[in-house]
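Peer 1: Got query.txt for you, compact mmCIF, N, CA and C atoms:
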# COMPACT_ATOMS: atom_id res chain seq x y z
N MET F 1 32.62 169.41 44.02
CA MET F 1 32.12 168.55 45.07
C MET F 1 32.53 167.11 44.74
N PRO F 2 33.12 166.38 45.69
CA PRO F 2 33.55 165.00 45.42
C PRO F 2 32.35 164.08 45.23
N ARG F 3 32.56 163.09 44.38
CA ARG F 3 31.50 162.10 44.16
C ARG F 3 31.45 161.14 45.33
N PRO F 4 30.28 160.59 45.61
CA PRO F 4 30.18 159.58 46.67
C PRO F 4 31.07 158.38 46.35
N ALA F 5 31.56 157.70 47.36
CA ALA F 5 32.46 156.56 47.17
C ALA F 5 31.85 155.52 46.24
N SER F 6 30.54 155.34 46.29
CA SER F 6 29.91 154.31 45.47
C SER F 6 29.90 154.64 43.98
N SER F 7 30.18 155.88 43.62
CA SER F 7 30.15 156.24 42.20
C SER F 7 31.54 156.56 41.65
N ARG F 8 32.58 156.37 42.44
CA ARG F 8 33.93 156.62 41.95
C ARG F 8 34.35 155.55 40.96
N ALA F 9 34.98 155.98 39.91
CA ALA F 9 35.42 155.05 38.87
C ALA F 9 36.85 154.60 39.13
N PHE F 10 37.11 153.34 38.88
CA PHE F 10 38.47 152.84 38.95
C PHE F 10 38.60 151.71 37.94
N ALA F 11 39.83 151.37 37.60
CA ALA F 11 40.08 150.30 36.63
C ALA F 11 41.04 149.30 37.25
N PHE F 12 40.85 148.06 36.90
CA PHE F 12 41.70 146.98 37.38
C PHE F 12 42.07 146.13 36.18
N GLN F 13 43.33 145.78 36.06
CA GLN F 13 43.77 144.95 34.94
C GLN F 13 44.49 143.73 35.49
N SER F 14 44.15 142.57 34.95
CA SER F 14 44.78 141.34 35.39
C SER F 14 44.73 140.31 34.28
N ASP F 15 45.69 139.40 34.28
CA ASP F 15 45.62 138.28 33.35
C ASP F 15 45.11 137.02 34.05
N ASP F 16 44.67 137.19 35.29
CA ASP F 16 44.07 136.10 36.06
C ASP F 16 42.56 136.18 35.90
N TYR F 17 42.05 135.47 34.90
CA TYR F 17 40.64 135.60 34.56
C TYR F 17 39.72 135.00 35.62
N ALA F 18 40.22 134.06 36.41
CA ALA F 18 39.42 133.54 37.52
C ALA F 18 39.22 134.64 38.56
N ALA F 19 40.26 135.42 38.82
CA ALA F 19 40.14 136.54 39.77
C ALA F 19 39.18 137.60 39.23
N ILE F 20 39.26 137.89 37.94
CA ILE F 20 38.36 138.88 37.35
C ILE F 20 36.91 138.41 37.50
N GLN F 21 36.66 137.13 37.23
CA GLN F 21 35.31 136.61 37.41
C GLN F 21 34.88 136.72 38.87
N GLY F 22 35.82 136.55 39.79
CA GLY F 22 35.52 136.71 41.22
C GLY F 22 35.10 138.13 41.56
N PHE F 23 35.79 139.11 40.98
CA PHE F 23 35.41 140.52 41.19
C PHE F 23 34.00 140.78 40.67
N ILE F 24 33.70 140.22 39.50
CA ILE F 24 32.36 140.39 38.94
C ILE F 24 31.32 139.77 39.88
N ALA F 25 31.60 138.55 40.35
CA ALA F 25 30.67 137.85 41.25
C ALA F 25 30.48 138.61 42.56
N ALA F 26 31.50 139.36 42.98
CA ALA F 26 31.41 140.14 44.21
C ALA F 26 30.67 141.46 43.99
N GLY F 27 30.29 141.73 42.74
CA GLY F 27 29.54 142.95 42.47
C GLY F 27 30.40 144.18 42.28
N VAL F 28 31.71 143.98 42.07
CA VAL F 28 32.62 145.11 41.94
C VAL F 28 32.47 145.81 40.59
N GLY F 29 32.07 145.09 39.56
CA GLY F 29 31.93 145.76 38.27
C GLY F 29 31.72 144.79 37.14
N VAL F 30 32.11 145.21 35.96
CA VAL F 30 32.00 144.43 34.74
C VAL F 30 33.39 144.29 34.13
N ALA F 31 33.55 143.37 33.19
CA ALA F 31 34.86 143.17 32.57
C ALA F 31 34.71 142.69 31.14
N LEU F 32 35.70 143.00 30.34
CA LEU F 32 35.83 142.42 29.01
C LEU F 32 36.79 141.24 29.15
N ILE F 33 36.32 140.07 28.76
CA ILE F 33 37.12 138.86 28.90
C ILE F 33 37.16 138.15 27.55
N PRO F 34 38.34 137.79 27.06
CA PRO F 34 38.40 137.07 25.79
C PRO F 34 37.74 135.69 25.92
N GLU F 35 37.10 135.25 24.84
CA GLU F 35 36.42 133.95 24.88
C GLU F 35 37.36 132.81 25.26
N LEU F 36 38.61 132.89 24.84
CA LEU F 36 39.56 131.83 25.18
C LEU F 36 39.76 131.69 26.68
N ALA F 37 39.45 132.74 27.43
CA ALA F 37 39.59 132.71 28.89
C ALA F 37 38.31 132.21 29.56
N LEU F 38 37.29 131.90 28.78
CA LEU F 38 36.01 131.46 29.35
C LEU F 38 35.83 129.96 29.24
N THR F 39 36.90 129.21 29.41
CA THR F 39 36.77 127.75 29.35
C THR F 39 36.02 127.22 30.55
N SER F 40 36.04 127.96 31.65
CA SER F 40 35.28 127.55 32.84
C SER F 40 34.66 128.78 33.51
N PRO F 41 33.58 129.31 32.90
CA PRO F 41 32.92 130.47 33.51
C PRO F 41 32.20 130.09 34.79
N ARG F 42 32.19 131.01 35.74
CA ARG F 42 31.49 130.79 37.01
C ARG F 42 29.99 130.74 36.78
N ASP F 43 29.30 129.99 37.64
CA ASP F 43 27.85 129.88 37.55
C ASP F 43 27.13 131.13 38.06
N ASP F 44 27.83 131.95 38.87
CA ASP F 44 27.17 133.10 39.47
C ASP F 44 27.41 134.41 38.72
N ILE F 45 27.92 134.33 37.50
CA ILE F 45 28.05 135.53 36.67
C ILE F 45 27.36 135.26 35.33
N VAL F 46 27.08 136.31 34.60
CA VAL F 46 26.40 136.19 33.31
C VAL F 46 27.39 136.61 32.22
N ILE F 47 27.49 135.79 31.18
CA ILE F 47 28.34 136.10 30.04
C ILE F 47 27.44 136.66 28.93
N ARG F 48 27.74 137.86 28.48
CA ARG F 48 26.94 138.50 27.43
C ARG F 48 27.84 138.80 26.23
N GLU F 49 27.31 138.52 25.06
CA GLU F 49 28.02 138.85 23.84
C GLU F 49 27.79 140.33 23.55
N LEU F 50 28.80 141.02 23.08
CA LEU F 50 28.67 142.43 22.72
C LEU F 50 28.21 142.51 21.28
N ALA F 51 26.92 142.72 21.07
CA ALA F 51 26.34 142.75 19.73
C ALA F 51 26.99 143.84 18.88
N GLY F 52 27.43 143.46 17.71
CA GLY F 52 28.00 144.43 16.78
C GLY F 52 29.40 144.88 17.11
N ALA F 53 29.97 144.38 18.19
CA ALA F 53 31.31 144.82 18.59
C ALA F 53 32.21 143.60 18.78
N VAL F 54 32.41 142.87 17.71
CA VAL F 54 33.19 141.64 17.80
C VAL F 54 34.64 141.92 17.46
N ALA F 55 35.51 141.58 18.37
CA ALA F 55 36.95 141.69 18.12
C ALA F 55 37.47 140.29 17.79
N HIS F 56 38.35 140.22 16.83
CA HIS F 56 38.91 138.94 16.43
C HIS F 56 40.40 138.95 16.72
N ARG F 57 40.91 137.80 17.08
CA ARG F 57 42.33 137.65 17.35
C ARG F 57 42.86 136.60 16.39
N ARG F 58 43.90 136.95 15.67
CA ARG F 58 44.53 136.00 14.76
C ARG F 58 45.70 135.37 15.50
N ILE F 59 45.73 134.06 15.53
CA ILE F 59 46.78 133.33 16.22
C ILE F 59 47.57 132.56 15.17
N VAL F 60 48.89 132.66 15.24
CA VAL F 60 49.76 132.02 14.25
C VAL F 60 50.78 131.12 14.95
N ALA F 61 51.37 130.23 14.19
CA ALA F 61 52.46 129.39 14.70
C ALA F 61 53.76 129.93 14.14
N ALA F 62 54.75 130.14 14.97
CA ALA F 62 56.05 130.65 14.54
C ALA F 62 57.05 129.50 14.52
N THR F 63 57.87 129.46 13.47
CA THR F 63 58.92 128.45 13.37
C THR F 63 60.24 129.14 13.08
N LEU F 64 61.31 128.41 13.20
CA LEU F 64 62.65 128.93 12.97
C LEU F 64 62.82 129.34 11.51
N SER F 65 63.35 130.53 11.30
CA SER F 65 63.55 131.05 9.95
C SER F 65 64.67 130.29 9.24
N GLY F 66 64.47 130.04 7.96
CA GLY F 66 65.53 129.45 7.15
C GLY F 66 65.70 127.94 7.33
N ALA F 67 64.95 127.35 8.21
CA ALA F 67 65.09 125.91 8.44
C ALA F 67 63.88 125.19 7.89
N GLY F 68 64.09 124.03 7.37
CA GLY F 68 62.95 123.22 6.94
C GLY F 68 62.20 122.73 8.16
N ARG F 69 60.92 122.51 8.00
CA ARG F 69 60.14 122.01 9.12
C ARG F 69 60.37 120.53 9.28
N GLY F 70 60.93 120.16 10.42
CA GLY F 70 61.16 118.76 10.70
C GLY F 70 59.88 118.06 11.11
N PRO F 71 59.93 116.76 11.30
CA PRO F 71 58.74 116.00 11.67
C PRO F 71 58.08 116.47 12.97
N ALA F 72 58.89 116.86 13.94
CA ALA F 72 58.32 117.32 15.22
C ALA F 72 57.57 118.64 15.04
N ALA F 73 58.14 119.56 14.27
CA ALA F 73 57.47 120.84 14.03
C ALA F 73 56.20 120.62 13.23
N GLN F 74 56.26 119.77 12.22
CA GLN F 74 55.06 119.46 11.42
C GLN F 74 53.96 118.88 12.31
N ALA F 75 54.34 117.95 13.20
CA ALA F 75 53.36 117.33 14.09
C ALA F 75 52.76 118.36 15.03
N MET F 76 53.58 119.26 15.56
CA MET F 76 53.07 120.27 16.48
C MET F 76 52.12 121.22 15.77
N ILE F 77 52.43 121.63 14.57
CA ILE F 77 51.54 122.52 13.82
C ILE F 77 50.21 121.83 13.56
N GLU F 78 50.24 120.56 13.25
CA GLU F 78 49.00 119.81 13.04
C GLU F 78 48.18 119.74 14.32
N ILE F 79 48.84 119.53 15.46
CA ILE F 79 48.14 119.50 16.75
C ILE F 79 47.50 120.86 17.02
N LEU F 80 48.24 121.94 16.75
CA LEU F 80 47.69 123.28 16.96
C LEU F 80 46.45 123.51 16.10
N ARG F 81 46.48 123.03 14.86
CA ARG F 81 45.30 123.16 13.99
C ARG F 81 44.11 122.38 14.56
N GLU F 82 44.37 121.18 15.04
CA GLU F 82 43.30 120.36 15.61
C GLU F 82 42.69 121.03 16.84
N VAL F 83 43.55 121.57 17.71
CA VAL F 83 43.06 122.24 18.91
C VAL F 83 42.25 123.47 18.54
N ALA F 84 42.70 124.21 17.54
CA ALA F 84 41.95 125.39 17.09
C ALA F 84 40.57 124.98 16.57
N ASP F 85 40.51 123.90 15.82
CA ASP F 85 39.22 123.41 15.33
C ASP F 85 38.31 122.98 16.47
N GLU F 86 38.89 122.30 17.47
CA GLU F 86 38.10 121.87 18.64
C GLU F 86 37.56 123.09 19.39
N TRP F 87 38.39 124.13 19.52
CA TRP F 87 37.94 125.34 20.22
C TRP F 87 36.78 125.98 19.47
N ALA F 88 36.88 126.03 18.14
CA ALA F 88 35.80 126.62 17.36
C ALA F 88 34.50 125.87 17.60
N ASP F 89 34.57 124.54 17.72
CA ASP F 89 33.37 123.75 18.00
C ASP F 89 32.85 124.01 19.41
N ARG F 90 33.75 124.08 20.41
CA ARG F 90 33.34 124.31 21.81
C ARG F 90 32.79 125.71 22.00
N ARG F 91 33.31 126.67 21.24
CA ARG F 91 32.89 128.06 21.36
C ARG F 91 31.39 128.20 21.16
N ARG F 92 30.85 127.40 20.28
CA ARG F 92 29.41 127.47 20.01
C ARG F 92 28.60 127.10 21.25
N GLY F 93 29.20 126.40 22.20
CA GLY F 93 28.48 125.96 23.38
C GLY F 93 28.64 126.85 24.60
N LEU F 94 29.27 128.02 24.44
CA LEU F 94 29.43 128.93 25.59
C LEU F 94 28.06 129.38 26.10
N PRO F 95 27.92 129.46 27.43
CA PRO F 95 26.61 129.85 28.00
C PRO F 95 26.40 131.36 27.93
N LEU F 96 26.10 131.88 26.77
CA LEU F 96 25.89 133.32 26.61
C LEU F 96 24.47 133.69 27.01
N ALA F 97 24.34 134.77 27.75
CA ALA F 97 23.02 135.29 28.14
C ALA F 97 22.49 136.14 26.99
N VAL F 98 21.21 136.24 26.91
CA VAL F 98 20.61 137.08 25.86
C VAL F 98 20.01 138.32 26.46
Can you present the structure in this file as structure tokens?
Peer 2:
Amino acid sequence: MPRPASSRAFAFQSDDYAAIQGFIAAGVGVALIPELALTSPRDDIVIRELAGAVAHRRIVAATLSGAGRGPAAQAMIEILREVADEWADRRRGLPLAV
């Protein structure tokens, strides 16, 4: 016997996190969204932390092999470190629901 339309399962994948938040706000479902994509969460959705299920992403800077790091590359790596530190500070302020 077919399931009612309201209980049919489907999956949607997108790298447009604003659109995903829109689907959630429309009541279409739930989503897993990386914290880096939550720089501007909508007011009409709830962000919940998944207790005990924390995924970590390691981000690295890649440079040209065999070449010394010039002043521009050194400066860019320093900027990336500063931005990473700023993100870690801002992360603590995410509006997580309990």
Peer 1: So how many Å separate atom CA of Val28 of chain F and atom N of His56 of chain F, to one decimal?
Peer 2: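 It comes out at 26.2 Å.
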Peer 1: Atom C of Ile79 of chain F and atom CA of Ala61 of chain F are how many Å apart?
Peer 2: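 Separating atom C of Ile79 of chain F from atom CA of Ala61 of chain F is a distance of 10.1 Å.
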Peer 1: Between atom CA of Ala9 of chain F and atom CA of Ile47 of chain F, what is the spacing in Å?
Peer 2: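 Distance reported for this atom pair: 22.1 Å.
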Peer 1: So for segment 40-43 of chain F, what box centre and size do we get, axis-aligned, 4 Å extra on each of the six sides, every listed atom, Å to one decimal, as JSON?
Peer 2:
{"center_x": 31.6, "center_y": 129.3, "center_z": 34.9, "size_x": 16.9, "size_y": 11.6, "size_z": 14.4}
Peer 1: Can you list, as number ranges by chain, every protein, DNA or RNA residue that comes within 6.5 Å of segment 17-20 of chain F when you count only N, CA and C atoms, leaving out same-chain residues fewer than 4 positions away?
Peer 2: F: 24-25, 37
Peer 1: As a PyMOL selection string, please: every residue in segment 7-93 of chain F that a backbone DSSP assignment puts in helix (DSSP H, G or I).
Peer 2: chain F and resi 7+17-25+35-37+71-91
Peer 1: Taking into account only C-alpha atoms, which residue in the set F:Ala73, F:Gln13, F:Ile33, F:Phe23 is nearest to Arg48 of chain F?
Peer 2: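 Closest to Arg48 of chain F of all the choices is F:Ile33.
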Peer 1: Which neighbours of Gly22 of chain F fall inside 12 Å, counting only C-alpha atoms, when residues of the same chain fewer than 5 positions from it are skipped, and could you give them as a list in words?
Peer 2: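 Surrounding residues, per the criterion: Ser14, Asp16, Tyr17, Gly27, Val28, Gly29, Val30, Ala31, Pro41, Arg42, Asp43, Asp44 and Ile45 of chain F.
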